[in-house]
Amino acid sequence: DTITNNGNVLGVNDITIKNKNLKNDGSLVNNGRIQATNILELNIKDIENNNIIFSKDSNINSQSLKNKNEIVAAGKAVINSDSLENDNTNGVIFSKDELNITSNKIDLTRNIGAGKLLKLTTNKLERPDSYITGSDLDITINGDYTNNKELIGKNLKLTANNLENNSIMASAGKTELKGNNSFKNNANSLLYGRELVKLEGRNFTNKGEVSSFGDLNMNFTGDITNLKTIEAAGNGEITANNYINKGYLTGNHSYK
């Protein structure tokens with residue numbers, strides 16, 4: 001079954017649109033406006049949005065979500081979709097408060113954002129351009145991730161299996177990064193936090209710069225190999241099975 005909206009679906013309070021089973025052939029095609037002044041719930045196998053979906057809070061569950069226009073929430077938005085396609089030109093997914101997206105693959109562009117917190121959970125993260133925001137970023141990647149463009153938030157938290165940085169990963173507050181297996185900060189690259197830099201994982205190799213204007217915490221179960229610069233204006237705590245330093249290590253109060 002297909003639900004097609006060519007006009008306005010307006011709810012004074014809540015709106016719920018759902019199929020009994022997400023595995024059926026049900027779909028929603030929105031060519032008009034779907035708006036709820038409070039909570040909007042969409043539980044549909046396939047969703048195609050060609051116009052506006054707006055609510056205070058929203059909870060969207062689907063197998064496939066194609067957004068070619070606006071999905072906006074004034075409060076908190078939760079999106080769970082196996083396949084997420086957001087049009088890079090006209091597609092906007094935004095929450096004034098918190099936006100939580102879970103999908104197999106997420107293409108993170110400037111058209112996806114939140115006022116306070118953007119939380120992403122994915123198997124694969126792709127970013128064609130720099131992403132700089134005044135909100136918090138909390139990203140979990142259930143796979144490998146190589147950062148080739150600037151990734152900067154108010155606070156930045158990112159976890160991946162194998163993590164490699166070829167650019168800048170930074171925050172105005174706390175930067176917390178974890179590479180479960182391998183973590184590499186390559187040449188001409190920067191890991192920075194104004195309040196804190198916290199790095200975790202198994203093995204860490206630094207050929208670039210690790211810098212904290214505040215404290216530095218590095219906790220690795222394997223080896224840390226520093227070939228360039230690790231510095232902290234505050235306290236520095238480094239834990240590793242082996243620490244190999246062929247570069248510079250500075251801190252207000254450092255211990256290994």
# chains A, B, ... in the order shown; residues from 1 in each chain; ligands from 1
$ residues_around --residues "segment 91-101 of chain A" --least-positions-apart "4" --cutoff "8 Å" --atoms "only C-alpha atoms" --output "JSON, numbers by chain"
{"A": [67, 68, 69, 70, 71, 72, 73, 74, 75, 76, 77, 78, 79, 80, 86, 87, 111, 112, 113, 114, 115, 116, 117, 118, 119, 120, 121]}
$ write_last_selection --atoms "N, CA and C atoms" --output "CSV table (one decimal), in the first residue's frame"
chain,number,residue,atom,x,y,z
A,67,ASN,N,15.0,11.8,1.2
A,67,ASN,CA,14.6,13.2,1.5
A,67,ASN,C,15.1,14.2,0.4
A,68,LYS,N,14.2,14.8,-0.2
A,68,LYS,CA,14.5,15.8,-1.3
A,68,LYS,C,14.2,17.2,-0.9
A,69,ASN,N,13.7,17.4,0.3
A,69,ASN,CA,13.3,18.7,0.8
A,69,ASN,C,13.6,18.9,2.3
A,70,GLU,N,12.6,19.1,3.1
A,70,GLU,CA,12.9,19.4,4.5
A,70,GLU,C,12.3,18.5,5.5
A,71,ILE,N,13.1,17.9,6.4
A,71,ILE,CA,12.6,17.2,7.6
A,71,ILE,C,13.2,18.0,8.8
A,72,VAL,N,12.3,18.7,9.5
A,72,VAL,CA,12.7,19.7,10.5
A,72,VAL,C,12.0,19.4,11.8
A,73,ALA,N,12.7,19.5,12.9
A,73,ALA,CA,12.1,19.4,14.2
A,73,ALA,C,12.5,20.5,15.1
A,74,ALA,N,11.6,21.1,15.9
A,74,ALA,CA,11.9,22.2,16.8
A,74,ALA,C,12.5,21.6,18.1
A,75,GLY,N,12.3,20.4,18.3
A,75,GLY,CA,12.9,19.7,19.5
A,75,GLY,C,13.8,18.6,19.2
A,76,LYS,N,13.5,17.4,19.5
A,76,LYS,CA,14.3,16.3,19.2
A,76,LYS,C,13.8,15.4,18.1
A,77,ALA,N,14.7,15.0,17.2
A,77,ALA,CA,14.4,14.2,16.0
A,77,ALA,C,15.2,12.9,16.1
A,78,VAL,N,14.5,11.8,15.9
A,78,VAL,CA,15.2,10.4,15.9
A,78,VAL,C,14.8,9.8,14.6
A,79,ILE,N,15.8,9.4,13.8
A,79,ILE,CA,15.6,8.8,12.5
A,79,ILE,C,16.4,7.4,12.5
A,80,ASN,N,15.7,6.4,12.3
A,80,ASN,CA,16.2,5.0,12.1
A,80,ASN,C,15.8,4.5,10.7
A,86,ASN,N,19.9,11.6,1.4
A,86,ASN,CA,19.5,13.0,1.6
A,86,ASN,C,20.1,13.8,0.4
A,87,ASP,N,19.2,14.5,-0.4
A,87,ASP,CA,19.6,15.2,-1.5
A,87,ASP,C,20.6,16.3,-1.1
A,111,ASN,N,24.0,20.0,5.1
A,111,ASN,CA,22.5,20.0,5.1
A,111,ASN,C,21.9,19.1,6.2
A,112,ILE,N,22.8,18.5,7.0
A,112,ILE,CA,22.3,17.7,8.1
A,112,ILE,C,22.9,18.3,9.4
A,113,GLY,N,22.1,18.7,10.3
A,113,GLY,CA,22.6,19.3,11.5
A,113,GLY,C,21.6,19.4,12.7
A,114,ALA,N,22.2,19.9,13.8
A,114,ALA,CA,21.3,20.1,15.0
A,114,ALA,C,21.8,21.4,15.7
A,115,GLY,N,20.9,21.9,16.5
A,115,GLY,CA,21.3,23.1,17.3
A,115,GLY,C,22.1,22.8,18.5
A,116,LYS,N,21.9,21.6,19.1
A,116,LYS,CA,22.6,21.3,20.3
A,116,LYS,C,23.5,20.0,20.2
A,117,LEU,N,22.9,19.0,19.6
A,117,LEU,CA,23.6,17.7,19.6
A,117,LEU,C,23.2,17.0,18.3
A,118,LEU,N,24.3,16.6,17.5
A,118,LEU,CA,24.1,15.7,16.4
A,118,LEU,C,24.7,14.3,16.7
A,119,LYS,N,23.9,13.3,16.8
A,119,LYS,CA,24.4,12.0,17.2
A,119,LYS,C,24.2,11.0,16.0
A,120,LEU,N,25.2,10.4,15.5
A,120,LEU,CA,25.2,9.5,14.4
A,120,LEU,C,25.7,8.1,14.8
A,121,THR,N,25.0,7.1,14.3
A,121,THR,CA,25.4,5.7,14.4
A,121,THR,C,25.3,5.1,13.1
$ residues_around --residues "Ile132 of chain A" --least-positions-apart "2" --cutoff "8 Å" --atoms "only C-alpha atoms" --output "NGL selection string"
:A and (130 or 134 or 150-153)
$ residues_around --residues "Gly193 of chain A" --least-positions-apart "4" --cutoff "7 Å" --atoms "only C-alpha atoms" --output "PDB file with C-alpha atoms, in the first residue's frame"
ATOM      1  CA  ALA A 170      38.883  19.389  16.859  1.00  0.00           C
ATOM      2  CA  SER A 171      36.477  21.049  19.257  1.00  0.00           C
ATOM      3  CA  ALA A 172      36.011  24.210  21.267  1.00  0.00           C
ATOM      4  CA  GLY A 173      35.557  21.967  24.305  1.00  0.00           C
ATOM      5  CA  LYS A 174      36.290  18.262  24.719  1.00  0.00           C
ATOM      6  CA  THR A 175      37.653  16.102  21.907  1.00  0.00           C
ATOM      7  CA  VAL A 197      41.890  15.817  24.331  1.00  0.00           C
ATOM      8  CA  SER A 211      47.375  19.555  21.071  1.00  0.00           C
ATOM      9  CA  SER A 212      45.209  20.392  24.059  1.00  0.00           C
ATOM     10  CA  PHE A 213      44.791  23.873  25.465  1.00  0.00           C
TER      11      PHE A 213
END
$ select_by_dssp --residues "segment 48-238 of chain A" --states "strand (DSSP E)" --output "PyMOL selection string"
chain A and resi 48-49+52-67+70-73+76-86+92-95+98-107+112-114+117-126+131-132+136-141+145-147+151-153+156-160+163-165+168-171+174-185+190-193+196-206+209-212+215-220+223-226+229-232+235-238
$ write_last_selection --atoms "C-alpha atoms" --output "compact mmCIF listing (two decimals), in the first residue's frame"
# COMPACT_ATOMS: atom_id res chain seq x y z
CA GLU A 48 9.99 9.66 0.09
CA ASN A 49 9.76 13.28 1.16
CA ILE A 52 8.05 19.53 4.20
CA ILE A 53 7.84 17.34 7.29
CA PHE A 54 7.79 19.46 10.44
CA SER A 55 7.11 18.80 14.13
CA LYS A 56 8.19 19.62 17.64
CA ASP A 57 9.59 16.12 18.18
CA SER A 58 9.77 13.35 15.60
CA ASN A 59 10.45 9.64 15.47
CA ILE A 60 10.93 8.21 11.98
CA ASN A 61 11.48 4.49 11.37
CA SER A 62 11.87 3.04 7.89
CA GLN A 63 13.87 0.70 5.72
CA SER A 64 14.38 3.40 3.10
CA LEU A 65 14.23 7.18 3.54
CA LYS A 66 14.70 9.52 0.57
CA ASN A 67 14.62 13.19 1.49
CA GLU A 70 12.94 19.44 4.52
CA ILE A 71 12.63 17.24 7.58
CA VAL A 72 12.75 19.66 10.52
CA ALA A 73 12.05 19.38 14.24
CA LYS A 76 14.34 16.26 19.23
CA ALA A 77 14.38 14.17 16.05
CA VAL A 78 15.16 10.45 15.88
CA ILE A 79 15.64 8.77 12.50
CA ASN A 80 16.24 5.03 12.10
CA SER A 81 16.54 3.93 8.49
CA ASP A 82 18.53 1.13 6.88
CA SER A 83 19.01 3.27 3.78
CA LEU A 84 19.20 7.06 4.00
CA GLU A 85 19.45 9.30 0.94
CA ASN A 86 19.49 13.04 1.57
CA VAL A 92 17.68 19.35 4.75
CA ILE A 93 17.49 17.29 7.94
CA PHE A 94 17.67 19.53 11.00
CA SER A 95 16.67 19.65 14.63
CA GLU A 98 18.98 17.04 19.16
CA LEU A 99 19.16 15.00 15.97
CA ASN A 100 19.82 11.28 16.31
CA ILE A 101 20.36 9.30 13.08
CA THR A 102 21.02 5.58 12.76
CA SER A 103 21.65 4.17 9.27
CA ASN A 104 23.92 1.73 7.46
CA LYS A 105 25.60 4.59 5.59
CA ILE A 106 25.47 8.31 6.31
CA ASP A 107 26.63 11.02 3.92
CA ILE A 112 22.33 17.68 8.13
CA GLY A 113 22.62 19.33 11.52
CA ALA A 114 21.34 20.13 14.98
CA LEU A 117 23.62 17.70 19.55
CA LEU A 118 24.09 15.68 16.38
CA LYS A 119 24.37 11.98 17.16
CA LEU A 120 25.19 9.53 14.38
CA THR A 121 25.44 5.73 14.45
CA THR A 122 26.48 4.06 11.21
CA ASN A 123 28.55 1.35 9.58
CA LYS A 124 30.01 3.80 7.08
CA LEU A 125 30.45 7.57 7.30
CA GLU A 126 31.19 9.64 4.21
CA TYR A 131 31.93 19.89 8.63
CA ILE A 132 32.17 22.69 11.18
CA ASP A 136 28.06 18.79 19.94
CA LEU A 137 29.01 15.85 17.73
CA ASP A 138 28.71 12.25 18.91
CA ILE A 139 29.59 9.78 16.16
CA THR A 140 29.83 5.99 16.38
CA ILE A 141 31.15 4.14 13.33
CA TYR A 145 36.98 5.66 9.23
CA THR A 146 39.51 7.91 7.51
CA ASN A 147 39.05 11.62 8.11
CA LEU A 151 35.59 17.86 11.48
CA ILE A 152 34.99 20.44 14.22
CA GLY A 153 32.27 20.72 16.86
CA LEU A 156 33.54 16.11 19.52
CA LYS A 157 33.22 12.43 20.32
CA LEU A 158 34.00 9.80 17.67
CA THR A 159 34.60 6.06 17.80
CA ALA A 160 35.65 3.74 14.95
CA LEU A 163 40.68 5.44 12.82
CA GLU A 164 42.95 7.54 10.61
CA ASN A 165 43.21 11.33 10.50
CA ILE A 168 41.73 18.35 11.52
CA MET A 169 39.55 16.80 14.20
CA ALA A 170 38.88 19.39 16.86
CA SER A 171 36.48 21.05 19.26
CA LYS A 174 36.29 18.26 24.72
CA THR A 175 37.65 16.10 21.91
CA GLU A 176 37.27 12.39 22.64
CA LEU A 177 38.44 9.98 19.95
CA LYS A 178 38.73 6.20 19.99
CA GLY A 179 40.18 3.81 17.44
CA ASN A 180 39.36 0.35 18.77
CA ASN A 181 42.22 -1.25 16.85
CA SER A 182 44.52 1.14 15.02
CA PHE A 183 44.59 4.92 15.47
CA LYS A 184 46.81 7.04 13.22
CA ASN A 185 47.27 10.80 13.18
CA LEU A 190 45.83 17.95 13.95
CA LEU A 191 43.89 16.55 16.90
CA TYR A 192 42.84 19.46 19.12
CA GLY A 193 40.60 20.26 22.06
CA LEU A 196 40.44 18.27 26.81
CA VAL A 197 41.89 15.82 24.33
CA LYS A 198 41.13 12.20 25.20
CA LEU A 199 42.49 9.48 22.90
CA GLU A 200 41.86 5.75 23.34
CA GLY A 201 42.40 2.46 21.56
CA ARG A 202 44.95 -0.27 21.02
CA ASN A 203 47.85 1.24 19.05
CA PHE A 204 48.46 4.91 18.28
CA THR A 205 50.91 6.44 15.82
CA ASN A 206 51.36 10.20 15.68
CA GLU A 209 50.18 17.24 16.04
CA VAL A 210 48.17 16.40 19.13
CA SER A 211 47.37 19.56 21.07
CA SER A 212 45.21 20.39 24.06
CA ASP A 215 44.29 18.50 29.73
CA LEU A 216 45.48 15.51 27.71
CA ASN A 217 44.52 11.89 28.38
CA MET A 218 45.90 9.07 26.23
CA ASN A 219 45.01 5.48 27.11
CA PHE A 220 46.17 2.70 24.77
CA ASP A 223 51.91 0.93 21.70
CA ILE A 224 52.09 4.68 21.36
CA THR A 225 54.59 5.88 18.77
CA ASN A 226 55.14 9.63 18.70
CA THR A 229 54.32 16.67 18.57
CA ILE A 230 52.13 15.88 21.56
CA GLU A 231 51.44 18.87 23.79
CA ALA A 232 49.12 19.99 26.56
CA ASN A 235 47.96 18.10 32.76
CA GLY A 236 48.97 15.16 30.61
CA GLU A 237 48.36 11.50 31.40
CA ILE A 238 49.64 8.81 29.04
$ decode --residues "segment 83-206 of chain A" --atoms "C-alpha atoms" --output "short mmCIF file (atom, residue, chain, number, x, y, z; two decimals), in the first residue's frame"
data_model
loop_
_atom_site.label_atom_id
_atom_site.label_comp_id
_atom_site.auth_asym_id
_atom_site.auth_seq_id
_atom_site.Cartn_x
_atom_site.Cartn_y
_atom_site.Cartn_z
CA SER A 83 19.01 3.27 3.78
CA LEU A 84 19.20 7.06 4.00
CA GLU A 85 19.45 9.30 0.94
CA ASN A 86 19.49 13.04 1.57
CA ASP A 87 19.59 15.22 -1.53
CA ASN A 88 22.84 17.20 -1.33
CA THR A 89 21.29 20.24 -3.01
CA ASN A 90 17.80 20.63 -1.55
CA GLY A 91 17.57 18.02 1.17
CA VAL A 92 17.68 19.35 4.75
CA ILE A 93 17.49 17.29 7.94
CA PHE A 94 17.67 19.53 11.00
CA SER A 95 16.67 19.65 14.63
CA LYS A 96 16.85 22.78 16.74
CA ASP A 97 17.72 20.61 19.74
CA GLU A 98 18.98 17.04 19.16
CA LEU A 99 19.16 15.00 15.97
CA ASN A 100 19.82 11.28 16.31
CA ILE A 101 20.36 9.30 13.08
CA THR A 102 21.02 5.58 12.76
CA SER A 103 21.65 4.17 9.27
CA ASN A 104 23.92 1.73 7.46
CA LYS A 105 25.60 4.59 5.59
CA ILE A 106 25.47 8.31 6.31
CA ASP A 107 26.63 11.02 3.92
CA LEU A 108 27.28 13.88 6.32
CA THR A 109 26.97 17.26 4.64
CA ARG A 110 26.18 20.74 5.93
CA ASN A 111 22.50 20.01 5.13
CA ILE A 112 22.33 17.68 8.13
CA GLY A 113 22.62 19.33 11.52
CA ALA A 114 21.34 20.13 14.98
CA GLY A 115 21.26 23.13 17.26
CA LYS A 116 22.65 21.31 20.31
CA LEU A 117 23.62 17.70 19.55
CA LEU A 118 24.09 15.68 16.38
CA LYS A 119 24.37 11.98 17.16
CA LEU A 120 25.19 9.53 14.38
CA THR A 121 25.44 5.73 14.45
CA THR A 122 26.48 4.06 11.21
CA ASN A 123 28.55 1.35 9.58
CA LYS A 124 30.01 3.80 7.08
CA LEU A 125 30.45 7.57 7.30
CA GLU A 126 31.19 9.64 4.21
CA ARG A 127 31.97 13.36 4.17
CA PRO A 128 32.71 15.13 0.88
CA ASP A 129 33.41 18.48 2.56
CA SER A 130 34.49 20.03 5.83
CA TYR A 131 31.93 19.89 8.63
CA ILE A 132 32.17 22.69 11.18
CA THR A 133 29.35 23.23 13.67
CA GLY A 134 28.59 24.98 16.93
CA SER A 135 26.76 21.91 18.25
CA ASP A 136 28.06 18.79 19.94
CA LEU A 137 29.01 15.85 17.73
CA ASP A 138 28.71 12.25 18.91
CA ILE A 139 29.59 9.78 16.16
CA THR A 140 29.83 5.99 16.38
CA ILE A 141 31.15 4.14 13.33
CA ASN A 142 30.87 0.36 13.39
CA GLY A 143 33.66 0.08 10.84
CA ASP A 144 36.79 1.92 9.74
CA TYR A 145 36.98 5.66 9.23
CA THR A 146 39.51 7.91 7.51
CA ASN A 147 39.05 11.62 8.11
CA ASN A 148 40.16 13.69 5.11
CA LYS A 149 38.32 16.96 5.82
CA GLU A 150 37.94 19.24 8.83
CA LEU A 151 35.59 17.86 11.48
CA ILE A 152 34.99 20.44 14.22
CA GLY A 153 32.27 20.72 16.86
CA LYS A 154 31.51 22.37 20.17
CA ASN A 155 32.44 19.01 21.69
CA LEU A 156 33.54 16.11 19.52
CA LYS A 157 33.22 12.43 20.32
CA LEU A 158 34.00 9.80 17.67
CA THR A 159 34.60 6.06 17.80
CA ALA A 160 35.65 3.74 14.95
CA ASN A 161 37.35 0.36 14.58
CA ASN A 162 40.38 1.67 12.70
CA LEU A 163 40.68 5.44 12.82
CA GLU A 164 42.95 7.54 10.61
CA ASN A 165 43.21 11.33 10.50
CA ASN A 166 44.54 13.24 7.48
CA SER A 167 43.09 16.63 8.39
CA ILE A 168 41.73 18.35 11.52
CA MET A 169 39.55 16.80 14.20
CA ALA A 170 38.88 19.39 16.86
CA SER A 171 36.48 21.05 19.26
CA ALA A 172 36.01 24.21 21.27
CA GLY A 173 35.56 21.97 24.30
CA LYS A 174 36.29 18.26 24.72
CA THR A 175 37.65 16.10 21.91
CA GLU A 176 37.27 12.39 22.64
CA LEU A 177 38.44 9.98 19.95
CA LYS A 178 38.73 6.20 19.99
CA GLY A 179 40.18 3.81 17.44
CA ASN A 180 39.36 0.35 18.77
CA ASN A 181 42.22 -1.25 16.85
CA SER A 182 44.52 1.14 15.02
CA PHE A 183 44.59 4.92 15.47
CA LYS A 184 46.81 7.04 13.22
CA ASN A 185 47.27 10.80 13.18
CA ASN A 186 49.19 11.38 9.97
CA ALA A 187 51.59 14.11 8.85
CA ASN A 188 50.21 17.66 8.62
CA SER A 189 47.17 16.61 10.67
CA LEU A 190 45.83 17.95 13.95
CA LEU A 191 43.89 16.55 16.90
CA TYR A 192 42.84 19.46 19.12
CA GLY A 193 40.60 20.26 22.06
CA ARG A 194 40.40 23.52 23.95
CA GLU A 195 39.37 21.90 27.25
CA LEU A 196 40.44 18.27 26.81
CA VAL A 197 41.89 15.82 24.33
CA LYS A 198 41.13 12.20 25.20
CA LEU A 199 42.49 9.48 22.90
CA GLU A 200 41.86 5.75 23.34
CA GLY A 201 42.40 2.46 21.56
CA ARG A 202 44.95 -0.27 21.02
CA ASN A 203 47.85 1.24 19.05
CA PHE A 204 48.46 4.91 18.28
CA THR A 205 50.91 6.44 15.82
CA ASN A 206 51.36 10.20 15.68
#
